[in-house]
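In what follows, a single structure is set out as structure tokens and then discussed.
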Amino acid sequence: MTEIEKVKKWLVLFGEKITENEEYLNELDAAIGDGDHGTNMKRGAQALIDKLESRDYADLADLFKEVGMTLVSKVGGASGHLYGSAFIEMSTKAKDSNDLAAILSAGLDGINKRGKAEIGEKTLLDMWTHAVDALQDGTLSKEVIDEALMDTKEMKATKGRASFLGDCSIGCIDPGIQSSAYLFTALLETGVLDE
Ligand code: ADP
Ligand code: MG
């Protein structure tokens with residue numbers, strides 16, 4: 001399987017996980033925000049699956065660009081712009097590198113630039129930071145992802161809608177952290193990282 005086919009498979013699986021867990025993501029967002037993260041992400045996921053399954057891409061830059069544009073236009077909410085910025089930065093990086101750790105690290109920079117959250121503010125930036133660090137060390141695993149989910153659960157949200165809840169945000173999983181966990185789990189499960 002070519003690199004492009006593997007990456008397509010990864011992102012289709014991500015879209016499937018989002019679709020399957022729409023209700024769960026909405027429940028997480030209802031506890032901490034406004035209850036729409038699953039619906040927002042599912043809209044993007046379905047458009048993404050349709051595009052990935054019907055188009056051929058010249059290279060990874062081309063593919064990631066379309067993913068970014070689709071997520072920005074279809075997801076909406078804070079997360080549409082954040083995921084969109086991530087994939088658009090990943091597209092730029094993919095023009096001069098095919099190292100996924102470096103590409104996803106550029107995605108993390110895109111989230112940082114767009115959302116201006118700090119690490120520890122209980123946003124999807126926290127999951128991306130843990131996962132990209134582990135990817136760069138070659139240690140990304142399901143355990144690393146689960147640990148990041150559990151660590152961030154006890155954090156207090158200070159960015160995004162969840163910050164309005166103050167201490168009520170402690171003990172709840174942030175919906176964007178959960179959807180990002182699906183992205184990195186799908187990456188492991190499709191074997192994109194295997195030699
Ligand atoms: P909205 O908050 O507009 O309803 P969503 O519900 O789709 O959008 O997405 C909420 C998620 O977005 C949160 O769970 C959080 O992880 C993430 N988020 C919100 N603001 C920021 C930010 N400034 N930086 C990083 N992530 C953020
Ligand atoms: Mg929301």
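If you're wondering about the labels, chains in the structure tokens are A, B, ... by order shown, residues count from 1 in each chain, ligands from 1 in order shown.
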9 Å contact set for stretch 96-103 of chain A, only C-alpha atoms, chain neighbours under 3 positions out, as a VMD selection string: chain A and resid 3 60 89 to 93 106 to 108 132 to 136 138 192 to 193
Selection near stretch 66-77 of chain A, 8 Å with only C-alpha atoms, sequence-local residues under 2 positions removed, as a PyMOL selection string: chain A and resi 37+40-45+47-48+62-64+79-81+83-88
Write out as a Markdown table the residues of chain A that have any atom within 8 Å of an atom of ligand 2, one row each with the nearest atom pair and its distance in Å to one decimal, counting only C-alpha atoms and all ligand atoms, sorted by chain and then rising number.
| residue | atom | partner | partner_atom_place_in_ligand_line | distance |
| --- | --- | --- | --- | --- |
| A:Asn26 | CA | ligand 2 | 1 (Mg) | 7.9 |
| A:Asp29 | CA | ligand 2 | 1 (Mg) | 5.7 |
| A:Ala30 | CA | ligand 2 | 1 (Mg) | 7.7 |
| A:Gly33 | CA | ligand 2 | 1 (Mg) | 5.4 |
| A:Asp34 | CA | ligand 2 | 1 (Mg) | 4.6 |
| A:Gly35 | CA | ligand 2 | 1 (Mg) | 5.3 |
| A:Asp36 | CA | ligand 2 | 1 (Mg) | 4.5 |
| A:His37 | CA | ligand 2 | 1 (Mg) | 4.7 |
| A:Asn40 | CA | ligand 2 | 1 (Mg) | 7.9 |
| A:Gly77 | CA | ligand 2 | 1 (Mg) | 6.5 |
| A:Ala78 | CA | ligand 2 | 1 (Mg) | 7.5 |
| A:Arg161 | CA | ligand 2 | 1 (Mg) | 7.3 |
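In terms of minimum interatomic distance to A:Lys142, A:Thr185 ranks closest within A:Gln46, A:Thr185, A:Thr123, A:Thr158, counting only C-alpha atoms.
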Spatial neighbours of stretch 176-178 of chain A, max dist 9 Å, only C-alpha atoms, sep filter under 5 positions, as a VMD selection string: chain A and resid 25 28 to 29 37 79 122 to 128 148 to 149 152 183
The selected residues should be written to file as a compact mmCIF listing (two decimals), in the first residue's frame (atoms: C-alpha atoms).
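File result09.txt, as written:
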# COMPACT_ATOMS: atom_id res chain seq x y z
CA LEU A 25 -18.90 13.37 21.99
CA LEU A 28 -19.03 15.07 26.79
CA ASP A 29 -19.62 18.52 25.30
CA HIS A 37 -19.00 18.61 19.36
CA SER A 79 -12.99 22.79 16.61
CA LYS A 122 -7.65 21.18 28.94
CA THR A 123 -8.13 21.54 25.21
CA LEU A 124 -7.37 19.31 22.26
CA LEU A 125 -3.94 20.99 22.21
CA ASP A 126 -3.06 18.82 25.25
CA MET A 127 -3.81 15.56 23.41
CA TRP A 128 -1.90 16.71 20.33
CA ALA A 148 -3.26 11.58 28.24
CA LEU A 149 -7.07 11.21 28.36
CA THR A 152 -6.36 15.82 31.20
CA LEU A 183 -7.40 10.60 15.47
DSSP-assigned helix (DSSP H, G or I) among chain A, expressed as a ChimeraX atom specification: /A:3-20,22-32,37-54,60-75,77-94,100-115,124-137,142-153,161-169,175-189
Two-atom distance - atom 9 (O, counted along the ligand's line) of ligand 1, atom CA of A:Thr19 (Å): 15.3 Å
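For the set A:Leu187, A:Glu154, A:Ala131, A:Ala61, the residue with the smallest atom-to-atom gap to A:Ile4 is A:Ala61, counting only C-alpha atoms.
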Point-to-point distance in Å for atom CA of A:Glu118 and atom CA of A:Val7: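 That distance, rounded to one decimal, is 28.7 Å.
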